file structure-v5.cif (mmCIF, C-alpha atoms and all ligand atoms)
data_input
loop_
_atom_site.label_atom_id
_atom_site.label_comp_id
_atom_site.auth_asym_id
_atom_site.auth_seq_id
_atom_site.Cartn_x
_atom_site.Cartn_y
_atom_site.Cartn_z
CA MET X 330 -33.57 -45.89 9.65
CA ARG X 331 -33.25 -42.23 10.54
CA GLY X 332 -29.47 -42.67 10.82
CA ALA X 333 -29.40 -44.14 7.35
CA TRP X 334 -31.26 -41.11 5.94
CA THR X 335 -28.83 -38.75 7.64
CA LEU X 336 -25.93 -40.64 6.16
CA LYS X 337 -27.55 -40.56 2.76
CA TRP X 338 -28.05 -36.78 2.88
CA LEU X 339 -24.53 -36.29 4.14
CA GLY X 340 -23.36 -38.27 1.13
CA VAL X 341 -25.34 -36.02 -1.21
CA VAL X 342 -23.86 -32.89 0.37
CA VAL X 343 -20.31 -34.25 0.10
CA LEU X 344 -20.95 -35.18 -3.52
CA LEU X 345 -22.31 -31.72 -4.30
CA MET X 346 -19.31 -30.10 -2.67
CA ALA X 347 -16.93 -32.34 -4.56
CA THR X 348 -18.56 -31.61 -7.90
CA GLU X 349 -19.03 -27.92 -7.04
CA ALA X 350 -22.61 -28.31 -8.29
CA TRP X 351 -23.60 -25.94 -5.50
CA PRO X 352 -21.59 -23.05 -4.27
CA ARG X 353 -20.30 -23.78 -0.79
CA SER X 354 -22.18 -20.72 0.43
CA VAL X 355 -25.50 -22.43 -0.26
CA ILE X 356 -24.47 -25.46 1.74
CA PHE X 357 -22.91 -23.65 4.67
CA GLY X 358 -25.26 -20.71 4.84
CA SER X 359 -25.13 -16.97 4.73
CA ALA X 360 -22.16 -16.29 7.03
CA LEU X 361 -19.78 -17.89 4.62
CA MET X 362 -21.55 -16.36 1.68
CA GLU X 363 -20.97 -12.91 3.11
CA GLN X 364 -17.31 -13.74 3.50
CA GLU X 365 -17.07 -15.00 -0.06
CA THR X 366 -18.85 -12.11 -1.70
CA VAL X 367 -16.68 -9.41 -0.12
CA GLU X 368 -15.32 -7.33 -2.95
CA PRO X 369 -11.58 -6.90 -3.31
CA VAL X 370 -10.44 -3.55 -1.89
CA ARG X 371 -9.88 -1.09 -4.72
CA LEU X 372 -6.46 0.44 -4.09
CA ILE X 373 -4.41 3.35 -5.28
CA TYR X 374 -0.81 3.18 -4.02
CA ASP X 375 0.93 6.56 -3.66
CA THR X 376 4.61 6.03 -2.90
CA ASP X 377 8.02 7.71 -2.70
CA MET X 378 9.51 4.49 -4.08
CA GLY X 379 13.29 4.45 -3.73
CA ASN X 380 13.78 6.60 -0.65
CA ASP X 381 13.51 3.59 1.65
CA ILE X 382 13.08 -0.11 1.05
CA ASP X 383 9.68 -0.52 2.71
CA ASP X 384 7.92 1.05 -0.29
CA ALA X 385 9.13 -1.84 -2.46
CA MET X 386 8.16 -4.46 0.12
CA ALA X 387 4.74 -2.86 0.53
CA LEU X 388 4.09 -3.06 -3.23
CA ALA X 389 5.04 -6.74 -3.06
CA VAL X 390 2.50 -7.15 -0.24
CA ILE X 391 -0.19 -5.53 -2.40
CA HIS X 392 0.48 -7.99 -5.23
CA ALA X 393 0.46 -10.94 -2.82
CA LEU X 394 -2.89 -9.82 -1.39
CA GLN X 395 -4.26 -9.29 -4.90
CA ASP X 396 -3.22 -12.85 -5.78
CA ARG X 397 -5.38 -13.90 -2.83
CA GLY X 398 -8.31 -11.95 -4.21
CA GLU X 399 -8.31 -9.39 -1.39
CA CYS X 400 -7.50 -6.22 -3.30
CA ARG X 401 -7.22 -4.76 -6.77
CA LEU X 402 -4.48 -2.27 -7.54
CA LEU X 403 -6.00 0.42 -9.76
CA ALA X 404 -3.00 2.69 -10.13
CA VAL X 405 0.35 3.65 -8.64
CA THR X 406 1.31 7.28 -8.19
CA VAL X 407 4.85 8.27 -7.30
CA SER X 408 5.72 11.27 -5.12
CA LYS X 409 9.49 10.95 -5.57
CA ASP X 410 10.48 13.07 -8.54
CA ASN X 411 12.79 10.54 -10.18
CA PHE X 412 11.98 8.58 -13.32
CA TYR X 413 13.46 5.35 -11.97
CA ALA X 414 11.09 5.43 -8.98
CA ALA X 415 8.23 5.05 -11.47
CA ALA X 416 10.16 2.60 -13.64
CA TYR X 417 10.86 0.38 -10.63
CA CYS X 418 7.12 0.32 -9.72
CA ASP X 419 6.43 -0.69 -13.32
CA LEU X 420 9.12 -3.37 -13.10
CA LEU X 421 7.55 -4.83 -9.95
CA ASN X 422 4.11 -4.80 -11.58
CA HIS X 423 5.58 -6.72 -14.51
CA PHE X 424 7.30 -9.14 -12.14
CA TYR X 425 3.94 -9.90 -10.53
CA ARG X 426 2.35 -10.24 -13.98
CA ARG X 427 0.26 -7.10 -13.86
CA PRO X 428 2.04 -5.04 -16.51
CA GLY X 429 -1.02 -2.94 -17.33
CA ILE X 430 -1.35 -1.06 -14.05
CA PRO X 431 -1.06 2.66 -14.84
CA ILE X 432 1.70 4.65 -13.15
CA GLY X 433 1.84 8.39 -12.62
CA ILE X 434 4.63 10.56 -11.27
CA VAL X 435 4.90 13.93 -9.56
CA ARG X 436 6.33 16.87 -11.53
CA ASN X 437 8.67 19.26 -9.71
CA GLY X 438 8.38 17.17 -6.57
CA PRO X 439 10.66 16.22 -3.68
CA THR X 440 13.78 14.00 -3.63
CA PRO X 441 14.82 13.86 -7.31
CA GLU X 442 17.99 11.87 -6.54
CA ASP X 443 18.33 8.26 -7.71
CA GLY X 444 18.77 6.78 -4.24
CA LEU X 445 20.19 3.35 -3.59
CA TYR X 446 18.14 0.86 -5.56
CA VAL X 447 15.49 1.98 -8.06
CA ARG X 448 17.86 2.89 -10.91
CA GLN X 449 20.27 0.08 -10.07
CA VAL X 450 17.63 -2.68 -10.25
CA CYS X 451 16.04 -1.14 -13.37
CA GLU X 452 19.39 -1.12 -15.16
CA ALA X 453 20.65 -4.52 -13.95
CA LYS X 454 21.63 -6.72 -16.87
CA ASP X 455 22.46 -10.34 -17.55
CA GLN X 456 24.51 -11.03 -20.70
CA GLY X 457 23.78 -7.55 -21.98
CA ARG X 458 19.98 -7.77 -21.53
CA LEU X 459 17.87 -6.11 -18.90
CA ARG X 460 17.26 -8.52 -16.06
CA TYR X 461 13.67 -7.39 -15.41
CA ALA X 462 11.06 -6.42 -17.98
CA ARG X 463 9.25 -3.07 -17.80
CA SER X 464 7.26 -0.84 -20.16
CA LEU X 465 8.44 2.56 -18.93
CA THR X 466 11.72 3.28 -20.65
CA ARG X 467 11.80 7.09 -20.89
CA PRO X 468 10.68 9.87 -18.52
CA GLY X 469 8.32 11.12 -21.24
CA ASP X 470 6.41 7.82 -20.97
CA VAL X 471 5.12 8.55 -17.48
CA GLU X 472 1.80 10.30 -16.92
CA GLU X 473 1.55 13.14 -14.41
CA ALA X 474 0.26 11.82 -11.07
CA THR X 475 -2.63 14.23 -10.43
CA ALA X 476 -4.10 13.56 -13.88
CA LEU X 477 -3.85 9.82 -13.27
CA LEU X 478 -5.51 10.16 -9.86
CA ARG X 479 -8.40 12.08 -11.39
CA ARG X 480 -8.78 9.66 -14.30
CA THR X 481 -8.71 6.64 -12.00
CA LEU X 482 -11.11 8.05 -9.42
CA ALA X 483 -13.58 9.24 -12.05
CA SER X 484 -13.87 5.68 -13.41
CA GLN X 485 -14.70 4.09 -10.04
CA PRO X 486 -17.98 3.71 -8.14
CA ASP X 487 -18.71 6.29 -5.45
CA HIS X 488 -17.07 5.74 -2.03
CA SER X 489 -15.26 2.65 -3.25
CA VAL X 490 -11.56 3.51 -3.40
CA THR X 491 -8.94 3.17 -0.67
CA VAL X 492 -5.81 5.26 -1.15
CA VAL X 493 -2.58 4.23 0.58
CA GLN X 494 -0.14 7.11 0.85
CA VAL X 495 3.29 5.99 2.04
CA GLY X 496 5.42 8.94 0.94
CA PHE X 497 4.98 12.69 0.72
CA SER X 498 1.53 14.28 0.47
CA THR X 499 2.45 16.19 -2.71
CA ASN X 500 0.22 14.27 -5.12
CA LEU X 501 -2.84 14.16 -2.88
CA ALA X 502 -2.53 17.83 -1.92
CA ARG X 503 -2.41 18.70 -5.62
CA LEU X 504 -5.42 16.49 -6.25
CA LEU X 505 -7.41 18.55 -3.71
CA ASP X 506 -6.66 21.73 -5.67
CA SER X 507 -7.17 20.25 -9.14
CA PRO X 508 -9.80 21.89 -11.37
CA PRO X 509 -12.50 20.05 -13.34
CA ASP X 510 -11.11 18.37 -16.44
CA ARG X 511 -12.08 15.94 -19.18
CA TYR X 512 -12.24 13.11 -16.65
CA SER X 513 -14.62 14.71 -14.17
CA PRO X 514 -16.62 17.92 -13.82
CA LEU X 515 -15.81 17.87 -10.10
CA GLN X 516 -13.18 19.96 -8.37
CA GLY X 517 -10.47 17.73 -6.86
CA LYS X 518 -11.62 17.89 -3.26
CA ASP X 519 -15.18 17.00 -4.28
CA LEU X 520 -13.94 14.19 -6.50
CA ALA X 521 -11.96 12.73 -3.57
CA ALA X 522 -14.96 13.05 -1.26
CA ARG X 523 -17.17 11.31 -3.80
CA LYS X 524 -14.94 8.39 -4.74
CA ILE X 525 -12.64 7.64 -1.81
CA ARG X 526 -13.78 5.83 1.30
CA LEU X 527 -10.51 5.69 3.22
CA LEU X 528 -7.04 7.18 3.11
CA SER X 529 -4.42 5.03 4.85
CA VAL X 530 -1.27 7.07 5.48
CA VAL X 531 2.24 6.60 6.84
CA ALA X 532 3.10 9.89 8.53
CA GLY X 533 3.98 11.54 11.80
CA SER X 534 4.85 10.20 15.21
CA PHE X 535 2.65 9.81 18.27
CA GLY X 536 4.62 7.43 20.47
CA GLN X 537 7.80 5.46 20.97
CA PRO X 538 10.07 4.70 19.28
CA GLY X 539 10.06 8.06 17.49
CA PRO X 540 12.22 9.75 14.85
CA LYS X 541 15.46 11.42 16.01
CA ASP X 542 14.37 15.05 16.20
CA GLY X 543 10.67 14.31 16.47
CA ARG X 544 10.06 15.08 12.83
CA GLU X 545 8.91 12.27 10.57
CA TYR X 546 10.37 12.15 7.05
CA ASN X 547 7.15 11.94 4.98
CA ILE X 548 5.91 15.09 6.68
CA TYR X 549 8.93 17.37 6.84
CA LYS X 550 10.10 16.66 3.27
CA ASP X 551 6.96 18.38 1.96
CA LEU X 552 5.50 20.17 4.94
CA PRO X 553 3.03 22.44 3.08
CA SER X 554 1.45 19.45 1.34
CA ALA X 555 1.24 17.44 4.58
CA ARG X 556 -0.38 20.40 6.29
CA LYS X 557 -2.89 20.73 3.49
CA LEU X 558 -3.70 17.03 3.61
CA PHE X 559 -4.40 16.97 7.34
CA ASP X 560 -6.33 20.25 7.19
CA ALA X 561 -8.49 19.67 4.15
CA TRP X 562 -8.66 16.02 3.10
CA PRO X 563 -12.40 15.23 3.05
CA THR X 564 -12.51 11.49 3.86
CA PRO X 565 -11.53 9.52 6.96
CA ILE X 566 -7.75 9.11 7.38
CA VAL X 567 -6.10 6.32 9.34
CA VAL X 568 -2.45 7.03 10.14
CA SER X 569 0.20 4.41 10.68
CA ALA X 570 2.70 6.65 12.43
CA TYR X 571 6.44 6.14 12.88
CA GLU X 572 6.13 4.02 16.01
CA ILE X 573 4.02 1.34 14.34
CA GLY X 574 6.43 0.32 11.59
CA ALA X 575 9.40 0.85 13.91
CA SER X 576 7.92 -1.68 16.36
CA ILE X 577 7.71 -4.43 13.74
CA LEU X 578 11.13 -5.10 12.24
CA TYR X 579 11.45 -7.11 9.04
CA PRO X 580 14.12 -9.83 9.31
CA GLY X 581 16.81 -8.78 6.82
CA GLU X 582 18.32 -12.26 6.80
CA ARG X 583 15.35 -13.37 4.73
CA MET X 584 16.69 -11.24 1.87
CA ARG X 585 19.98 -13.12 1.56
CA GLN X 586 20.59 -14.44 -1.93
CA SER X 587 21.11 -18.15 -2.39
CA ASP X 588 24.70 -19.05 -3.32
CA ASP X 589 23.85 -20.06 -6.85
CA GLY X 590 22.11 -16.75 -7.53
CA ALA X 591 18.90 -18.58 -8.40
CA GLY X 592 15.51 -17.09 -7.80
CA ARG X 593 16.34 -13.51 -8.63
CA HIS X 594 13.79 -11.22 -7.09
CA PRO X 595 13.61 -7.44 -7.60
CA VAL X 596 12.60 -6.77 -3.98
CA ARG X 597 15.39 -8.91 -2.55
CA GLU X 598 17.90 -7.28 -4.89
CA ALA X 599 16.66 -3.87 -3.83
CA TYR X 600 16.90 -4.77 -0.14
CA ARG X 601 20.50 -5.92 -0.54
CA LEU X 602 21.39 -2.68 -2.31
CA TYR X 603 19.65 -0.58 0.33
CA VAL X 604 20.89 -2.54 3.35
CA PRO X 605 24.04 -4.46 2.35
CA SER X 606 24.47 -5.58 5.96
CA LEU X 607 21.02 -7.24 5.77
CA SER X 608 20.07 -5.67 9.07
CA ASP X 609 16.39 -5.65 9.99
CA ARG X 610 14.22 -2.81 8.71
CA PRO X 611 11.02 -1.14 9.95
CA THR X 612 7.81 -2.12 8.19
CA TRP X 613 6.20 1.34 7.99
CA ASP X 614 4.66 1.21 4.52
CA LEU X 615 3.71 -2.46 4.83
CA THR X 616 1.58 -1.78 7.91
CA SER X 617 -0.39 0.89 6.08
CA VAL X 618 -1.13 -1.52 3.22
CA LEU X 619 -2.06 -4.31 5.62
CA TYR X 620 -4.52 -2.10 7.46
CA ALA X 621 -5.99 -0.77 4.20
CA VAL X 622 -6.70 -4.24 2.82
CA ARG X 623 -7.66 -5.96 6.07
CA PRO X 624 -9.13 -3.22 8.26
CA GLY X 625 -11.38 -5.64 10.08
CA ARG X 626 -8.64 -7.92 11.42
CA ASP X 627 -7.24 -7.29 14.85
CA TYR X 628 -3.62 -6.73 13.85
CA PHE X 629 -3.85 -3.18 15.16
CA ARG X 630 -6.08 -1.20 17.45
CA VAL X 631 -7.44 2.07 16.14
CA SER X 632 -7.56 5.25 18.20
CA GLU X 633 -10.59 7.36 18.95
CA PRO X 634 -11.44 9.88 16.21
CA GLY X 635 -9.48 13.09 16.41
CA GLU X 636 -7.21 15.35 14.45
CA VAL X 637 -3.55 15.27 13.48
CA ILE X 638 -1.96 18.61 14.33
CA LEU X 639 1.34 19.76 12.77
CA ASP X 640 3.60 22.35 14.40
CA SER X 641 5.68 24.89 12.46
CA VAL X 642 8.59 22.48 11.84
CA GLY X 643 6.53 19.37 11.15
CA ARG X 644 6.28 17.63 14.51
CA THR X 645 2.91 15.97 14.96
CA ARG X 646 0.51 15.40 17.80
CA PHE X 647 -2.88 13.75 17.92
CA LYS X 648 -5.73 15.76 19.38
CA ARG X 649 -8.79 13.77 20.40
CA GLY X 650 -12.03 15.15 19.09
CA GLY X 651 -11.29 18.06 16.76
CA HIS X 652 -12.93 17.58 13.39
CA GLY X 653 -12.76 13.81 14.04
CA ARG X 654 -11.76 12.67 10.56
CA HIS X 655 -8.43 11.19 11.68
CA ARG X 656 -7.56 8.09 13.65
CA HIS X 657 -4.22 6.36 14.16
CA LEU X 658 -3.09 2.80 14.59
CA LYS X 659 -1.89 1.43 17.89
CA ILE X 660 0.05 -1.74 18.40
CA ASP X 661 -0.18 -4.40 21.05
CA ASN X 662 3.30 -5.95 21.39
CA ARG X 663 1.77 -9.42 21.61
CA GLN X 664 0.63 -9.02 17.99
CA VAL X 665 4.11 -8.17 16.68
CA PRO X 666 5.34 -11.74 15.96
CA ARG X 667 2.09 -12.60 14.18
CA ILE X 668 2.18 -9.48 11.99
CA ARG X 669 5.87 -9.97 11.20
CA GLU X 670 5.28 -13.58 10.19
CA LEU X 671 2.40 -12.57 7.92
CA LEU X 672 4.40 -9.78 6.28
CA VAL X 673 7.32 -12.13 5.60
CA GLU X 674 4.92 -14.61 4.04
CA LEU X 675 3.40 -11.92 1.83
CA VAL X 676 6.73 -10.38 0.78
CA GLU X 677 8.14 -13.82 -0.06
CA HIS X 678 5.06 -14.77 -2.05
CA THR X 679 5.97 -15.24 -5.67
CA ARG X 680 3.66 -15.36 -8.61
CA CA X 701 7.78 5.46 1.82
#
call {"tool": "encode", "arguments": {"input": "structure-v5.cif", "output": "structure tokens"}}
result
Amino acid sequence: MRGAWTLKWLGVVVLLMATEAWPRSVIFGSALMEQETVEPVRLIYDTDMGNDIDDAMALAVIHALQDRGECRLLAVTVSKDNFYAAAYCDLLNHFYRRPGIPIGIVRNGPTPEDGLYVRQVCEAKDQGRLRYARSLTRPGDVEEATALLRRTLASQPDHSVTVVQVGFSTNLARLLDSPPDRYSPLQGKDLAARKIRLLSVVAGSFGQPGPKDGREYNIYKDLPSARKLFDAWPTPIVVSAYEIGASILYPGERMRQSDDGAGRHPVREAYRLYVPSLSDRPTWDLTSVLYAVRPGRDYFRVSEPGEVILDSVGRTRFKRGGHGRHRHLKIDNRQVPRIRELLVELVEHTR
């Protein structure tokens, strides 16, 4: 008799689940409910899109994670002073069906050259028509990055925003110095402290493999801004340094185009322009996004709190203790295949 009752109740539960009359959280209890009510991570992506290919792959990863409900991209700011860097971000946002994401760009910033893929993919045509849609068609269309950062931050709840900076520190350093404006009565540093909960950064080098002369690109290309960021940024910073992305190589073979040219993809096209040999590439910027959106997973270990110290030419070291606002990622080699597999899955995700 008791068995029959159990079976009957089991039947009711299965029926409720099938009809979705009850949320699964009610049936399975609070642990699942907590999991299901986690808010998507509110992201701002600050990138030197076009200087390397990982910026493009990392933006693809953001869109894939947003399609899974794990993050929400609020804005993209570009620290490469080239219109096509912004236009390519816009093109990718259109490709992933989020054409409304605002984009800002640095003025009088580093690396104004076109580079190897942003302009080329933006201008690619089929039968005389642009291959990929975008809204940004003229440099005058693009908002200045610091203004966009202030506008975006001012509209968000306190301590809710995660910023991922995968290029130079130009835009964020300028944000710190920005005066009150129509978006917020707060000075930039106070606005950042109020609205941002975490800054995830690709910068510096604390291990092996390291950059050739010990100086990491994102730092030495705008050293004063990097110095300002690590001295004065008011929120916690987690650094994915050179050795992290260099330890996890993305398999370039996955970017080969099918013989019939089908399935055109603006990240694959960019990869082939940037690395025609299809050799493997480091996953620097992708690791910073992955940590920012899934900080609680055990892909990486995180160092003790400390302080990133820059020398006069831009070499970095990590000092334990200090002001304690900085930490950096560490990698266990046993995790590398798992992270690589996940990143491939996310980059290859299509809408
Ligand atoms: Ca980058």
call {"tool": "atom_distance", "arguments": {"input": "structure-v5.cif", "atom1": "CA of Phe412 in chain X", "atom2": "CA of Leu459 in chain X"}}
result
16.8 Å
call {"tool": "residues_around", "arguments": {"input": "structure-v5.cif", "residues": "Trp613 in chain X", "least_positions_apart": "4", "cutoff": "8 Å", "atoms": "all atoms listed in the file", "output": "MDAnalysis selection string"}}
result
chainID X and resid 383 531 569:571 573:575 617
call {"tool": "closest_residue", "arguments": {"input": "structure-v5.cif", "among": "X:Ile668, X:Val405, X:Leu578, X:Val495", "to": "Asp384 in chain X", "atoms": "only C-alpha atoms"}}
result
X:Val495
call {"tool": "residues_around", "arguments": {"input": "structure-v5.cif", "residues": "Gly496 in chain X", "least_positions_apart": "4", "cutoff": "9 Å", "atoms": "all atoms listed in the file", "output": "list in words"}}
result
Asp375, Thr376, Asp377, Met378, Asn380, Asp384, Val407, Ser408, Lys409, Val530, Val531, Ala532, Tyr546, Asn547, Ile548 and Asp614 of chain X
call {"tool": "atom_distance", "arguments": {"input": "structure-v5.cif", "atom1": "CA of Leu675 in chain X", "atom2": "CA of His655 in chain X"}}
result
27.8 Å
call {"tool": "residues_around", "arguments": {"input": "structure-v5.cif", "residues": "Val450 in chain X", "least_positions_apart": "4", "cutoff": "10 Å", "atoms": "only C-alpha atoms", "output": "list of chain:residue names"}}
result
X:Tyr413, X:Ala416, X:Tyr417, X:Leu420, X:Leu445, X:Tyr446, X:Lys454, X:Leu459, X:Arg460, X:Tyr461, X:His594, X:Pro595, X:Val596, X:Glu598, X:Ala599, X:Leu602
call {"tool": "closest_residue", "arguments": {"input": "structure-v5.cif", "among": "X:Thr475, X:Ser507, X:Ser641, X:Thr440", "to": "ligand CA 701 (chain X)", "atoms": "all atoms listed in the file"}}
result
X:Thr440
call {"tool": "closest_residue", "arguments": {"input": "structure-v5.cif", "among": "X:Thr616, X:Thr466, X:Gln537, X:Asn422", "to": "ligand CA 701 (chain X)", "atoms": "only C-alpha atoms and all ligand atoms"}}
result
X:Thr616
call {"tool": "closest_residue", "arguments": {"input": "structure-v5.cif", "among": "X:Arg667, X:His678, X:Arg654, X:Lys550", "to": "ligand CA 701 (chain X)", "atoms": "only C-alpha atoms and all ligand atoms"}}
result
X:Lys550
call {"tool": "closest_residue", "arguments": {"input": "structure-v5.cif", "among": "X:Pro538, X:Gly438, X:Pro431, X:Pro514", "to": "Thr481 in chain X", "atoms": "all atoms listed in the file"}}
result
X:Pro431
call {"tool": "atom_distance", "arguments": {"input": "structure-v5.cif", "atom1": "CA of Arg626 in chain X", "atom2": "CA of Ser608 in chain X"}}
result
28.9 Å
call {"tool": "residues_around", "arguments": {"input": "structure-v5.cif", "residues": "Asn411 in chain X", "least_positions_apart": "3", "cutoff": "7 Å", "atoms": "all atoms listed in the file", "output": "list of chain:residue names"}}
result
X:Ala414, X:Pro441, X:Glu442, X:Asp443
call {"tool": "closest_residue", "arguments": {"input": "structure-v5.cif", "among": "X:Leu477, X:Ala415, X:Leu615, X:Val567", "to": "ligand CA 701 (chain X)", "atoms": "only C-alpha atoms and all ligand atoms"}}
result
X:Leu615
call {"tool": "residues_around", "arguments": {"input": "structure-v5.cif", "residues": "Val622 in chain X", "least_positions_apart": "3", "cutoff": "8 Å", "atoms": "all atoms listed in the file", "output": "PDB file with C-alpha atoms, in the frame of the given file"}}
result
ATOM      1  CA  VAL X 370     -10.440  -3.550  -1.890  1.00  0.00           C
ATOM      2  CA  LEU X 394      -2.890  -9.820  -1.390  1.00  0.00           C
ATOM      3  CA  GLU X 399      -8.310  -9.390  -1.390  1.00  0.00           C
ATOM      4  CA  CYS X 400      -7.500  -6.220  -3.300  1.00  0.00           C
ATOM      5  CA  VAL X 618      -1.130  -1.520   3.220  1.00  0.00           C
ATOM      6  CA  LEU X 619      -2.060  -4.310   5.620  1.00  0.00           C
TER       7      LEU X 619
END
call {"tool": "axis_aligned_box", "arguments": {"input": "structure-v5.cif", "around": "range 637-656 of chain X", "padding_each_side": "4 Å", "output": "lines of an AutoDock Vina configuration file"}}
result
center_x = -2.2
center_y = 16.5
center_z = 15.5
size_x = 29.5
size_y = 24.8
size_z = 17.8
